[in-house]
Structures are given as structure tokens and as C-alpha cells.
>>> print(open('entry-v5.cif').read())   # mmCIF, C-alpha atoms; chains and numbers go by the auth columns
data_start
#
loop_
_atom_site.group_PDB
_atom_site.id
_atom_site.type_symbol
_atom_site.label_atom_id
_atom_site.label_comp_id
_atom_site.label_asym_id
_atom_site.label_seq_id
_atom_site.Cartn_x
_atom_site.Cartn_y
_atom_site.Cartn_z
_atom_site.B_iso_or_equiv
_atom_site.auth_seq_id
_atom_site.auth_asym_id
ATOM 1 C CA MET A 1 -5.263 -1.137 13.174 0.00 1 W
ATOM 2 C CA SER A 2 -6.497 -1.664 9.648 0.00 2 W
ATOM 3 C CA LYS A 3 -4.379 -3.333 6.991 0.00 3 W
ATOM 4 C CA VAL A 4 -2.294 -1.077 4.787 0.00 4 W
ATOM 5 C CA SER A 5 -0.834 -1.396 1.294 0.00 5 W
ATOM 6 C CA HIS A 6 0.781 1.059 -1.057 0.00 6 W
ATOM 7 C CA PHE A 7 -1.573 3.342 -2.903 0.00 7 W
ATOM 8 C CA GLY A 8 0.085 3.775 -6.267 0.00 8 W
ATOM 9 C CA GLU A 9 3.173 3.693 -8.421 0.00 9 W
ATOM 10 C CA HIS A 10 4.922 6.616 -10.029 0.00 10 W
ATOM 11 C CA ILE A 11 7.587 6.551 -12.690 0.00 11 W
ATOM 12 C CA THR A 12 9.533 9.625 -13.762 0.00 12 W
ATOM 13 C CA ILE A 13 11.501 9.663 -17.005 0.00 13 W
ATOM 14 C CA ASP A 14 13.870 12.439 -18.001 0.00 14 W
ATOM 15 C CA GLY A 15 15.047 11.889 -21.558 0.00 15 W
ATOM 16 C CA TYR A 16 18.054 13.312 -23.409 0.00 16 W
ATOM 17 C CA GLY A 17 19.179 13.644 -27.006 0.00 17 W
ATOM 18 C CA GLY A 18 15.633 13.436 -28.337 0.00 18 W
ATOM 19 C CA ASP A 19 14.504 14.348 -31.833 0.00 19 W
ATOM 20 C CA GLU A 20 13.884 18.106 -32.017 0.00 20 W
ATOM 21 C CA LYS A 21 10.970 17.873 -34.437 0.00 21 W
ATOM 22 C CA LYS A 22 9.191 15.231 -32.416 0.00 22 W
ATOM 23 C CA LEU A 23 9.733 17.184 -29.207 0.00 23 W
ATOM 24 C CA ASP A 24 8.309 20.264 -30.905 0.00 24 W
ATOM 25 C CA SER A 25 5.052 18.572 -31.833 0.00 25 W
ATOM 26 C CA GLY A 26 2.002 19.333 -29.712 0.00 26 W
ATOM 27 C CA LYS A 27 0.138 16.781 -31.797 0.00 27 W
ATOM 28 C CA LEU A 28 2.565 14.002 -30.873 0.00 28 W
ATOM 29 C CA LEU A 29 2.444 15.007 -27.213 0.00 29 W
ATOM 30 C CA LEU A 30 -1.353 14.809 -27.207 0.00 30 W
ATOM 31 C CA PHE A 31 -1.221 11.457 -28.976 0.00 31 W
ATOM 32 C CA CYS A 32 1.263 10.074 -26.413 0.00 32 W
ATOM 33 C CA LEU A 33 -0.876 11.177 -23.454 0.00 33 W
ATOM 34 C CA LYS A 34 -3.932 9.420 -24.868 0.00 34 W
ATOM 35 C CA ASP A 35 -2.056 6.401 -26.161 0.00 35 W
ATOM 36 C CA VAL A 36 -0.141 5.684 -22.943 0.00 36 W
ATOM 37 C CA ALA A 37 -3.309 6.037 -20.879 0.00 37 W
ATOM 38 C CA LYS A 38 -4.988 3.554 -23.219 0.00 38 W
ATOM 39 C CA LYS A 39 -2.083 1.106 -23.263 0.00 39 W
ATOM 40 C CA LEU A 40 -1.882 1.129 -19.465 0.00 40 W
ATOM 41 C CA LYS A 41 -5.667 0.752 -19.250 0.00 41 W
ATOM 42 C CA MET A 42 -6.029 3.936 -17.269 0.00 42 W
ATOM 43 C CA HIS A 43 -9.355 5.746 -17.131 0.00 43 W
ATOM 44 C CA THR A 44 -9.084 9.397 -18.085 0.00 44 W
ATOM 45 C CA ILE A 45 -11.420 11.730 -16.194 0.00 45 W
ATOM 46 C CA ALA A 46 -10.818 14.960 -18.095 0.00 46 W
ATOM 47 C CA ALA A 47 -9.709 16.032 -21.555 0.00 47 W
ATOM 48 C CA PRO A 48 -5.914 16.299 -21.814 0.00 48 W
ATOM 49 C CA GLN A 49 -4.491 19.825 -21.613 0.00 49 W
ATOM 50 C CA VAL A 50 -1.660 20.657 -24.015 0.00 50 W
ATOM 51 C CA ARG A 51 0.034 24.047 -24.221 0.00 51 W
ATOM 52 C CA LYS A 52 2.883 25.579 -26.172 0.00 52 W
ATOM 53 C CA VAL A 53 5.264 27.278 -23.765 0.00 53 W
ATOM 54 C CA LYS A 54 7.225 30.346 -24.785 0.00 54 W
ATOM 55 C CA GLY A 55 10.244 29.925 -22.525 0.00 55 W
ATOM 56 C CA ASN A 56 12.235 32.607 -20.796 0.00 56 W
ATOM 57 C CA GLY A 57 15.167 32.917 -23.149 0.00 57 W
ATOM 58 C CA LYS A 58 17.493 31.593 -20.454 0.00 58 W
ATOM 59 C CA LYS A 59 17.295 28.170 -18.858 0.00 59 W
ATOM 60 C CA ASP A 60 13.979 27.470 -20.510 0.00 60 W
ATOM 61 C CA PRO A 61 14.056 27.733 -24.321 0.00 61 W
ATOM 62 C CA GLY A 62 10.353 26.872 -24.585 0.00 62 W
ATOM 63 C CA GLY A 63 8.521 23.771 -25.696 0.00 63 W
ATOM 64 C CA TRP A 64 5.284 21.920 -25.059 0.00 64 W
ATOM 65 C CA SER A 65 3.578 20.884 -21.846 0.00 65 W
ATOM 66 C CA GLY A 66 0.719 18.461 -21.491 0.00 66 W
ATOM 67 C CA ILE A 67 -1.121 16.618 -18.817 0.00 67 W
ATOM 68 C CA VAL A 68 -4.026 14.262 -18.451 0.00 68 W
ATOM 69 C CA LEU A 69 -5.952 13.437 -15.300 0.00 69 W
ATOM 70 C CA ILE A 70 -6.732 9.776 -14.867 0.00 70 W
ATOM 71 C CA MET A 71 -8.619 8.063 -12.024 0.00 71 W
ATOM 72 C CA GLU A 72 -6.859 9.657 -9.041 0.00 72 W
ATOM 73 C CA SER A 73 -3.533 10.018 -10.757 0.00 73 W
ATOM 74 C CA HIS A 74 -2.020 11.596 -13.876 0.00 74 W
ATOM 75 C CA ILE A 75 0.392 11.545 -16.801 0.00 75 W
ATOM 76 C CA SER A 76 2.449 14.600 -17.701 0.00 76 W
ATOM 77 C CA ILE A 77 4.936 15.445 -20.454 0.00 77 W
ATOM 78 C CA HIS A 78 7.095 18.568 -20.704 0.00 78 W
ATOM 79 C CA THR A 79 9.317 18.965 -23.791 0.00 79 W
ATOM 80 C CA PHE A 80 12.260 21.244 -24.596 0.00 80 W
ATOM 81 C CA PRO A 81 13.010 20.703 -28.287 0.00 81 W
ATOM 82 C CA LYS A 82 16.034 23.003 -28.397 0.00 82 W
ATOM 83 C CA ARG A 83 17.709 21.027 -25.612 0.00 83 W
ATOM 84 C CA GLY A 84 16.617 17.601 -26.881 0.00 84 W
ATOM 85 C CA PHE A 85 15.039 17.145 -23.450 0.00 85 W
ATOM 86 C CA VAL A 86 11.749 15.762 -22.197 0.00 86 W
ATOM 87 C CA SER A 87 10.463 15.251 -18.651 0.00 87 W
ATOM 88 C CA ILE A 88 7.708 12.688 -18.131 0.00 88 W
ATOM 89 C CA ASP A 89 5.619 11.456 -15.185 0.00 89 W
ATOM 90 C CA ALA A 90 3.255 8.499 -15.177 0.00 90 W
ATOM 91 C CA TYR A 91 1.483 8.046 -11.869 0.00 91 W
ATOM 92 C CA THR A 92 -1.057 5.254 -11.499 0.00 92 W
ATOM 93 C CA CYS A 93 -3.125 3.935 -8.637 0.00 93 W
ATOM 94 C CA THR A 94 -2.753 0.382 -9.871 0.00 94 W
ATOM 95 C CA ASN A 95 0.030 -1.843 -8.623 0.00 95 W
ATOM 96 C CA GLY A 96 2.461 -3.629 -10.907 0.00 96 W
ATOM 97 C CA LEU A 97 3.114 -0.778 -13.345 0.00 97 W
ATOM 98 C CA ASP A 98 4.971 -2.092 -16.401 0.00 98 W
ATOM 99 C CA ARG A 99 7.954 0.240 -16.169 0.00 99 W
ATOM 100 C CA LYS A 100 9.883 -1.321 -19.013 0.00 100 W
ATOM 101 C CA LYS A 101 6.925 -0.843 -21.346 0.00 101 W
ATOM 102 C CA ILE A 102 6.602 2.835 -20.478 0.00 102 W
ATOM 103 C CA VAL A 103 10.328 3.537 -20.753 0.00 103 W
ATOM 104 C CA THR A 104 10.541 1.758 -24.100 0.00 104 W
ATOM 105 C CA TYR A 105 7.443 3.581 -25.331 0.00 105 W
ATOM 106 C CA PHE A 106 8.868 7.054 -24.696 0.00 106 W
ATOM 107 C CA LYS A 107 12.386 6.156 -25.839 0.00 107 W
ATOM 108 C CA LYS A 108 10.877 5.311 -29.212 0.00 108 W
ATOM 109 C CA ALA A 109 8.287 8.103 -29.312 0.00 109 W
ATOM 110 C CA TYR A 110 10.918 10.835 -28.917 0.00 110 W
ATOM 111 C CA SER A 111 13.985 8.932 -30.261 0.00 111 W
ATOM 112 C CA LEU A 112 15.765 9.454 -26.932 0.00 112 W
ATOM 113 C CA LYS A 113 19.460 8.655 -26.711 0.00 113 W
ATOM 114 C CA SER A 114 19.503 8.249 -22.929 0.00 114 W
ATOM 115 C CA MET A 115 17.158 8.439 -19.984 0.00 115 W
ATOM 116 C CA GLU A 116 17.110 8.925 -16.229 0.00 116 W
ATOM 117 C CA VAL A 117 14.372 6.905 -14.581 0.00 117 W
ATOM 118 C CA ASN A 118 13.031 7.117 -11.024 0.00 118 W
ATOM 119 C CA PHE A 119 10.428 4.834 -9.549 0.00 119 W
ATOM 120 C CA LEU A 120 8.429 5.742 -6.449 0.00 120 W
ATOM 121 C CA LEU A 121 5.931 3.803 -4.414 0.00 121 W
ATOM 122 C CA ARG A 122 3.277 6.329 -3.451 0.00 122 W
ATOM 123 C CA GLY A 123 1.260 6.222 -0.251 0.00 123 W
ATOM 124 C CA THR A 124 2.994 3.195 1.273 0.00 124 W
ATOM 125 C CA ARG A 125 0.752 3.456 4.332 0.00 125 W
ATOM 126 C CA TYR A 126 -2.499 3.885 2.394 0.00 126 W
ATOM 127 C CA PRO A 127 -5.312 2.495 4.564 0.00 127 W
ATOM 128 C CA SER A 128 -7.038 -0.487 2.992 0.00 128 W
ATOM 129 C CA LYS A 129 -10.383 0.443 4.531 0.00 129 W
ATOM 130 C CA ASN A 130 -12.428 3.583 4.878 0.00 130 W
ATOM 131 C CA ILE A 131 -11.703 5.396 8.098 0.00 131 W
ATOM 132 C CA SER A 132 -15.220 6.696 8.607 0.00 132 W
ATOM 133 C CA MET B 1 30.755 19.137 -24.218 0.00 1 B
ATOM 134 C CA SER B 2 28.430 21.838 -22.993 0.00 2 B
ATOM 135 C CA LYS B 3 27.933 22.529 -19.309 0.00 3 B
ATOM 136 C CA VAL B 4 25.100 20.716 -17.598 0.00 4 B
ATOM 137 C CA SER B 5 22.975 21.430 -14.513 0.00 5 B
ATOM 138 C CA HIS B 6 19.810 19.913 -13.144 0.00 6 B
ATOM 139 C CA PHE B 7 16.624 20.962 -14.813 0.00 7 B
ATOM 140 C CA GLY B 8 14.150 21.022 -11.992 0.00 8 B
ATOM 141 C CA GLU B 9 13.049 19.896 -8.558 0.00 9 B
ATOM 142 C CA HIS B 10 10.133 17.680 -7.693 0.00 10 B
ATOM 143 C CA ILE B 11 8.607 17.063 -4.302 0.00 11 B
ATOM 144 C CA THR B 12 5.993 14.385 -3.649 0.00 12 B
ATOM 145 C CA ILE B 13 3.899 14.425 -0.499 0.00 13 B
ATOM 146 C CA ASP B 14 1.596 11.604 0.550 0.00 14 B
ATOM 147 C CA GLY B 15 -0.431 12.667 3.559 0.00 15 B
ATOM 148 C CA TYR B 16 -2.339 10.582 6.102 0.00 16 B
ATOM 149 C CA GLY B 17 -5.003 11.176 8.714 0.00 17 B
ATOM 150 C CA GLY B 18 -6.292 14.291 6.983 0.00 18 B
ATOM 151 C CA ASP B 19 -9.567 16.062 7.677 0.00 19 B
ATOM 152 C CA GLU B 20 -12.351 14.359 5.712 0.00 20 B
ATOM 153 C CA LYS B 21 -14.315 17.542 5.048 0.00 21 B
ATOM 154 C CA LYS B 22 -11.270 19.426 3.804 0.00 22 B
ATOM 155 C CA LEU B 23 -10.233 16.512 1.596 0.00 23 B
ATOM 156 C CA ASP B 24 -13.752 16.419 0.160 0.00 24 B
ATOM 157 C CA SER B 25 -13.695 20.040 -0.931 0.00 25 B
ATOM 158 C CA GLY B 26 -13.084 20.765 -4.610 0.00 26 B
ATOM 159 C CA LYS B 27 -13.088 24.438 -3.696 0.00 27 B
ATOM 160 C CA LEU B 28 -10.206 24.003 -1.254 0.00 28 B
ATOM 161 C CA LEU B 29 -8.271 21.911 -3.763 0.00 29 B
ATOM 162 C CA LEU B 30 -8.623 24.629 -6.406 0.00 30 B
ATOM 163 C CA PHE B 31 -7.600 27.262 -3.894 0.00 31 B
ATOM 164 C CA CYS B 32 -4.488 25.259 -2.903 0.00 32 B
ATOM 165 C CA LEU B 33 -3.385 24.803 -6.527 0.00 33 B
ATOM 166 C CA LYS B 34 -3.617 28.526 -7.187 0.00 34 B
ATOM 167 C CA ASP B 35 -2.226 29.584 -3.824 0.00 35 B
ATOM 168 C CA VAL B 36 0.825 27.304 -3.883 0.00 36 B
ATOM 169 C CA ALA B 37 1.657 28.374 -7.453 0.00 37 B
ATOM 170 C CA LYS B 38 1.435 31.985 -6.307 0.00 38 B
ATOM 171 C CA LYS B 39 3.457 31.455 -3.137 0.00 39 B
ATOM 172 C CA LEU B 40 6.204 29.663 -5.059 0.00 40 B
ATOM 173 C CA LYS B 41 6.122 32.392 -7.724 0.00 41 B
ATOM 174 C CA MET B 42 5.311 29.911 -10.453 0.00 42 B
ATOM 175 C CA HIS B 43 3.751 31.070 -13.710 0.00 43 B
ATOM 176 C CA THR B 44 0.608 29.154 -14.571 0.00 44 B
ATOM 177 C CA ILE B 45 0.066 28.532 -18.299 0.00 45 B
ATOM 178 C CA ALA B 46 -3.432 27.045 -18.225 0.00 46 B
ATOM 179 C CA ALA B 47 -6.500 27.166 -16.015 0.00 47 B
ATOM 180 C CA PRO B 48 -6.376 24.531 -13.253 0.00 48 B
ATOM 181 C CA GLN B 49 -8.463 21.399 -13.881 0.00 49 B
ATOM 182 C CA VAL B 50 -10.384 20.021 -10.908 0.00 50 B
ATOM 183 C CA ARG B 51 -12.630 16.956 -11.045 0.00 51 B
ATOM 184 C CA LYS B 52 -14.704 14.957 -8.611 0.00 52 B
ATOM 185 C CA VAL B 53 -13.801 11.284 -8.947 0.00 53 B
ATOM 186 C CA LYS B 54 -16.378 8.571 -8.311 0.00 54 B
ATOM 187 C CA GLY B 55 -14.052 5.800 -7.187 0.00 55 B
ATOM 188 C CA ASN B 56 -14.390 2.104 -7.851 0.00 56 B
ATOM 189 C CA GLY B 57 -15.892 0.946 -4.576 0.00 57 B
ATOM 190 C CA LYS B 58 -12.741 -1.023 -3.801 0.00 58 B
ATOM 191 C CA LYS B 59 -9.289 0.435 -3.338 0.00 59 B
ATOM 192 C CA ASP B 60 -10.442 3.820 -4.541 0.00 60 B
ATOM 193 C CA PRO B 61 -13.367 5.255 -2.546 0.00 61 B
ATOM 194 C CA GLY B 62 -13.449 8.406 -4.668 0.00 62 B
ATOM 195 C CA GLY B 63 -12.374 11.950 -4.035 0.00 63 B
ATOM 196 C CA TRP B 64 -11.083 14.971 -5.898 0.00 64 B
ATOM 197 C CA SER B 65 -8.292 15.365 -8.419 0.00 65 B
ATOM 198 C CA GLY B 66 -6.757 18.576 -9.609 0.00 66 B
ATOM 199 C CA ILE B 67 -3.819 19.763 -11.582 0.00 67 B
ATOM 200 C CA VAL B 68 -2.312 22.980 -12.842 0.00 68 B
ATOM 201 C CA LEU B 69 0.266 23.408 -15.595 0.00 69 B
ATOM 202 C CA ILE B 70 2.965 25.914 -14.802 0.00 70 B
ATOM 203 C CA MET B 71 5.943 26.987 -16.954 0.00 71 B
ATOM 204 C CA GLU B 72 7.221 23.540 -18.005 0.00 72 B
ATOM 205 C CA SER B 73 6.176 21.800 -14.833 0.00 73 B
ATOM 206 C CA HIS B 74 3.055 21.183 -12.745 0.00 74 B
ATOM 207 C CA ILE B 75 1.309 20.831 -9.397 0.00 75 B
ATOM 208 C CA SER B 76 -1.166 18.016 -8.757 0.00 76 B
ATOM 209 C CA ILE B 77 -3.395 17.020 -5.848 0.00 77 B
ATOM 210 C CA HIS B 78 -5.422 13.813 -5.508 0.00 78 B
ATOM 211 C CA THR B 79 -7.624 13.410 -2.413 0.00 79 B
ATOM 212 C CA PHE B 80 -9.368 10.399 -0.855 0.00 80 B
ATOM 213 C CA PRO B 81 -11.554 11.800 1.919 0.00 81 B
ATOM 214 C CA LYS B 82 -12.801 8.439 3.155 0.00 82 B
ATOM 215 C CA ARG B 83 -9.233 7.249 3.707 0.00 83 B
ATOM 216 C CA GLY B 84 -7.952 10.555 5.093 0.00 84 B
ATOM 217 C CA PHE B 85 -5.380 10.409 2.312 0.00 85 B
ATOM 218 C CA VAL B 86 -3.965 12.929 -0.144 0.00 86 B
ATOM 219 C CA SER B 87 -1.235 12.564 -2.768 0.00 87 B
ATOM 220 C CA ILE B 88 0.517 15.731 -3.915 0.00 88 B
ATOM 221 C CA ASP B 89 3.215 16.604 -6.482 0.00 89 B
ATOM 222 C CA ALA B 90 4.932 19.953 -6.910 0.00 90 B
ATOM 223 C CA TYR B 91 7.389 19.985 -9.774 0.00 91 B
ATOM 224 C CA THR B 92 9.222 23.208 -10.597 0.00 92 B
ATOM 225 C CA CYS B 93 11.922 24.156 -13.077 0.00 93 B
ATOM 226 C CA THR B 94 13.515 26.529 -10.600 0.00 94 B
ATOM 227 C CA ASN B 95 16.291 25.385 -8.302 0.00 95 B
ATOM 228 C CA GLY B 96 16.184 25.760 -4.531 0.00 96 B
ATOM 229 C CA LEU B 97 12.561 24.698 -3.980 0.00 97 B
ATOM 230 C CA ASP B 98 11.512 25.527 -0.420 0.00 98 B
ATOM 231 C CA ARG B 99 10.470 22.027 0.591 0.00 99 B
ATOM 232 C CA LYS B 100 9.739 22.870 4.191 0.00 100 B
ATOM 233 C CA LYS B 101 7.347 25.627 3.136 0.00 101 B
ATOM 234 C CA ILE B 102 5.422 23.283 0.835 0.00 102 B
ATOM 235 C CA VAL B 103 5.233 20.460 3.357 0.00 103 B
ATOM 236 C CA THR B 104 4.064 22.816 6.098 0.00 104 B
ATOM 237 C CA TYR B 105 1.536 24.368 3.742 0.00 105 B
ATOM 238 C CA PHE B 106 -0.200 21.089 2.926 0.00 106 B
ATOM 239 C CA LYS B 107 0.059 19.718 6.469 0.00 107 B
ATOM 240 C CA LYS B 108 -1.986 22.706 7.578 0.00 108 B
ATOM 241 C CA ALA B 109 -4.301 22.869 4.552 0.00 109 B
ATOM 242 C CA TYR B 110 -5.540 19.291 5.049 0.00 110 B
ATOM 243 C CA SER B 111 -4.804 18.912 8.798 0.00 111 B
ATOM 244 C CA LEU B 112 -2.537 15.942 8.047 0.00 112 B
ATOM 245 C CA LYS B 113 -1.343 13.778 10.916 0.00 113 B
ATOM 246 C CA SER B 114 1.653 12.367 9.082 0.00 114 B
ATOM 247 C CA MET B 115 3.337 12.572 5.715 0.00 115 B
ATOM 248 C CA GLU B 116 5.696 10.693 3.424 0.00 116 B
ATOM 249 C CA VAL B 117 7.895 13.037 1.441 0.00 117 B
ATOM 250 C CA ASN B 118 10.131 12.285 -1.547 0.00 118 B
ATOM 251 C CA PHE B 119 12.416 14.761 -3.224 0.00 119 B
ATOM 252 C CA LEU B 120 13.762 14.251 -6.737 0.00 120 B
ATOM 253 C CA LEU B 121 16.224 16.216 -8.798 0.00 121 B
ATOM 254 C CA ARG B 122 14.849 16.127 -12.334 0.00 122 B
ATOM 255 C CA GLY B 123 16.956 16.182 -15.471 0.00 123 B
ATOM 256 C CA THR B 124 20.347 16.108 -13.747 0.00 124 B
ATOM 257 C CA ARG B 125 22.071 16.167 -17.126 0.00 125 B
ATOM 258 C CA TYR B 126 19.963 18.969 -18.600 0.00 126 B
ATOM 259 C CA PRO B 127 22.108 20.790 -21.198 0.00 127 B
ATOM 260 C CA SER B 128 22.764 24.410 -20.289 0.00 128 B
ATOM 261 C CA LYS B 129 22.805 25.493 -23.919 0.00 129 B
ATOM 262 C CA ASN B 130 20.654 24.874 -26.956 0.00 130 B
ATOM 263 C CA ILE B 131 21.821 21.908 -28.980 0.00 131 B
ATOM 264 C CA SER B 132 20.859 23.346 -32.354 0.00 132 B
#
>>> encode(input="entry-v5.cif", output="C-alpha cells")
Amino acid sequence: MSKVSHFGEHITIDGYGGDEKKLDSGKLLLFCLKDVAKKLKMHTIAAPQVRKVKGNGKKDPGGWSGIVLIMESHISIHTFPKRGFVSIDAYTCTNGLDRKKIVTYFKKAYSLKSMEVNFLLRGTRYPSKNIS
Amino acid sequence: MSKVSHFGEHITIDGYGGDEKKLDSGKLLLFCLKDVAKKLKMHTIAAPQVRKVKGNGKKDPGGWSGIVLIMESHISIHTFPKRGFVSIDAYTCTNGLDRKKIVTYFKKAYSLKSMEVNFLLRGTRYPSKNIS
């Protein structure tokens, strides 16, 4: 059997009490996607996609969604200005993700009052060698 | 204090022992993104992005990456044909995600031998009303 190691690391951040104006800025969202990728030394493989979302008038009051593909992983941000809420994923295929740095970055970027953070090891049985 | 409920549901699937040819198909990846969104009755808000990734000759032997933005959430797929590996995220803002359906779908789509599945509730303190 070939040696295995985990493939990647994934942090999810759900932030509360954020600044409405910041959360309602597509420009800031785009900046964050690019800036975080740069700070974490990730290699983007496609232009970021950012869209304004109308909402459904019920649970979803609308906001901005953005995503950027990086080498075999991604960063995504979904904002809900009217609820002061933002939902973020940073998934990297490098090991040793600086979680504190990412959490601090987004806390500041959106002036979040509190956050829920999950950390997942992805592909814990990722084969270390090609299988064919 | 206003009522709170969880914002969304997020399933991650890391699959092993998949079919190399299927994993190496950008066409299949694109089909899966669209088909899963449709089956889960998600509303896409941008065209899916799919890219062939070169890899780094080390941990990452290359593959395909794809993502689609849906109403305030997303679906992503990253494949590594030479390792028989695929890493999938389906994040929805609806409650009651049919996890079994999604897992079964991808098991079949990529002929996976085994899978690691994580399930996250996102935004468990999501405010049920607008804050301003």
C-alpha cells in the first residue's frame, strides 16, 4: 500500500454583526478574494467571479457572492448586508494553513462582531503516489 | 433579540478510487455541476467555471477544477485523475439537504470506491430578520 497524507485544509468562517456598507460592496469582496489568495500564496487559475444577488424577500435578503478558483481548491465569500452576515470558505491544498491569519483578516475586513469557525482536513487518505 | 435559525447546509465529499477517465473529463465535471444544481433545485447565478489544472509534479498531479455560484452558496468539484481522487463541496442556503442523494450521485458519477463525508451547519446564529 502506498503512503497516504491529507490532501488539503479547509476553513469555514461564518461572521455576524458585520458592517452593512462593507458587506454590500462588490468591490471589497473582489479585493478580499484576490488579496487573501495573494497573502496565502495561492495560485489563482481563473478570474474571480463576483455577482450581486437579488434575494428572495424571505430568508435571503440579497447580497454579494464571489468565488475564485485556485490550484485545485477555492475561496468563496457570500454576504448578506441586511443581516450583517457573511459566509466564507478558504480551501487550500497546502498543509499548515494559517487559520488565525485568515480569521483575523476577515474579522477586520468586514468589522465582524463574532464568528463561527470550522476547520476540516480534506482527503485524509489522499494517496501520496499516482495510482496509474 | 430576534429569532435565529441556521443559514445553510454544507456537505463535503472526498472520494477515493475513482475512475481515471471520468475524473479526467472536464465535460463530465461541467455536466455534474449543472445536473446537481438542477436536481437540488438550486438557482445558479453565474455560468459554471471549469478549468484544466496542470499540477505541480509533486503532491498535485493535475486534474480539473470547477465551480458554480448558486443563490448565496456554491458547488465545487476538484479532480485528480492520477490519484483516483475527487474533492467536492455542495453548500446550499436551504435546510434539509438530501445528503444521501448527493453522496450516491457522486459515488456513481465517478465510480468511487470509498468516500469521506463531512456535514456542516453554516451560520447557526443567522438572524431571521433584517437588522436595519
>>> resolve_selection(input="entry-v5.cif", expression="the PyMOL selection byres ((chain W) within 7 of (chain B))", output="PDB file with C-alpha atoms, in the frame of the given file")
ATOM      1  CA  ASP W  14      13.870  12.439 -18.001  1.00  0.00           C
ATOM      2  CA  VAL W  53       5.264  27.278 -23.765  1.00  0.00           C
ATOM      3  CA  LYS W  59      17.295  28.170 -18.858  1.00  0.00           C
ATOM      4  CA  SER W  65       3.578  20.884 -21.846  1.00  0.00           C
ATOM      5  CA  MET W  71      -8.619   8.063 -12.024  1.00  0.00           C
ATOM      6  CA  GLU W  72      -6.859   9.657  -9.041  1.00  0.00           C
ATOM      7  CA  SER W  73      -3.533  10.018 -10.757  1.00  0.00           C
ATOM      8  CA  HIS W  78       7.095  18.568 -20.704  1.00  0.00           C
ATOM      9  CA  LYS W  82      16.034  23.003 -28.397  1.00  0.00           C
ATOM     10  CA  ARG W  83      17.709  21.027 -25.612  1.00  0.00           C
ATOM     11  CA  ARG W 122       3.277   6.329  -3.451  1.00  0.00           C
ATOM     12  CA  GLY W 123       1.260   6.222  -0.251  1.00  0.00           C
ATOM     13  CA  PRO W 127      -5.312   2.495   4.564  1.00  0.00           C
ATOM     14  CA  SER W 128      -7.038  -0.487   2.992  1.00  0.00           C
ATOM     15  CA  LYS W 129     -10.383   0.443   4.531  1.00  0.00           C
ATOM     16  CA  ASN W 130     -12.428   3.583   4.878  1.00  0.00           C
ATOM     17  CA  ILE W 131     -11.703   5.396   8.098  1.00  0.00           C
ATOM     18  CA  SER W 132     -15.220   6.696   8.607  1.00  0.00           C
TER      19      SER W 132
END
>>> closest_residue(input="entry-v5.cif", among="B:Lys22, B:His10, B:Lys34, B:Lys113", to="Asp98 of chain B", atoms="all atoms listed in the file")
B:His10
>>> atom_distance(input="entry-v5.cif", atom1="atom CA of Ser111 of chain W", atom2="atom CA of Lys39 of chain W")
19.2 Å
>>> atom_distance(input="entry-v5.cif", atom1="atom CA of Phe119 of chain B", atom2="atom CA of Leu23 of chain B")
23.2 Å
>>> atom_distance(input="entry-v5.cif", atom1="atom CA of Thr44 of chain B", atom2="atom CA of Glu9 of chain B")
16.6 Å
>>> axis_aligned_box(input="entry-v5.cif", around="segment 102-116 of chain W", padding_each_side="4 Å", output="lines of an AutoDock Vina configuration file")
center_x = 13.1
center_y = 6.3
center_z = -23.2
size_x = 20.9
size_y = 17.1
size_z = 22.0
>>> decode(input="entry-v5.cif", residues="segment 73-92 of chain B", atoms="C-alpha atoms", output="mmCIF file, in the first residue's frame")
data_model
loop_
_atom_site.group_PDB
_atom_site.id
_atom_site.type_symbol
_atom_site.label_atom_id
_atom_site.label_comp_id
_atom_site.auth_asym_id
_atom_site.auth_seq_id
_atom_site.Cartn_x
_atom_site.Cartn_y
_atom_site.Cartn_z
ATOM 1 C CA SER B 73 -23.902 29.430 -1.988
ATOM 2 C CA HIS B 74 -21.928 27.192 -4.350
ATOM 3 C CA ILE B 75 -20.945 23.763 -5.640
ATOM 4 C CA SER B 76 -17.313 22.900 -6.358
ATOM 5 C CA ILE B 77 -15.505 19.862 -7.747
ATOM 6 C CA HIS B 78 -11.741 19.299 -7.886
ATOM 7 C CA THR B 79 -10.472 16.103 -9.548
ATOM 8 C CA PHE B 80 -7.089 14.346 -9.523
ATOM 9 C CA PRO B 81 -7.366 11.549 -12.081
ATOM 10 C CA LYS B 82 -3.911 10.118 -11.456
ATOM 11 C CA ARG B 83 -4.702 9.658 -7.767
ATOM 12 C CA GLY B 84 -8.280 8.472 -8.301
ATOM 13 C CA PHE B 85 -9.279 11.346 -6.039
ATOM 14 C CA VAL B 86 -12.021 13.965 -6.113
ATOM 15 C CA SER B 87 -12.918 16.679 -3.603
ATOM 16 C CA ILE B 88 -16.464 18.035 -3.693
ATOM 17 C CA ASP B 89 -18.419 20.744 -1.831
ATOM 18 C CA ALA B 90 -22.146 21.389 -2.034
ATOM 19 C CA TYR B 91 -23.237 24.349 0.038
ATOM 20 C CA THR B 92 -26.889 25.386 -0.006
#
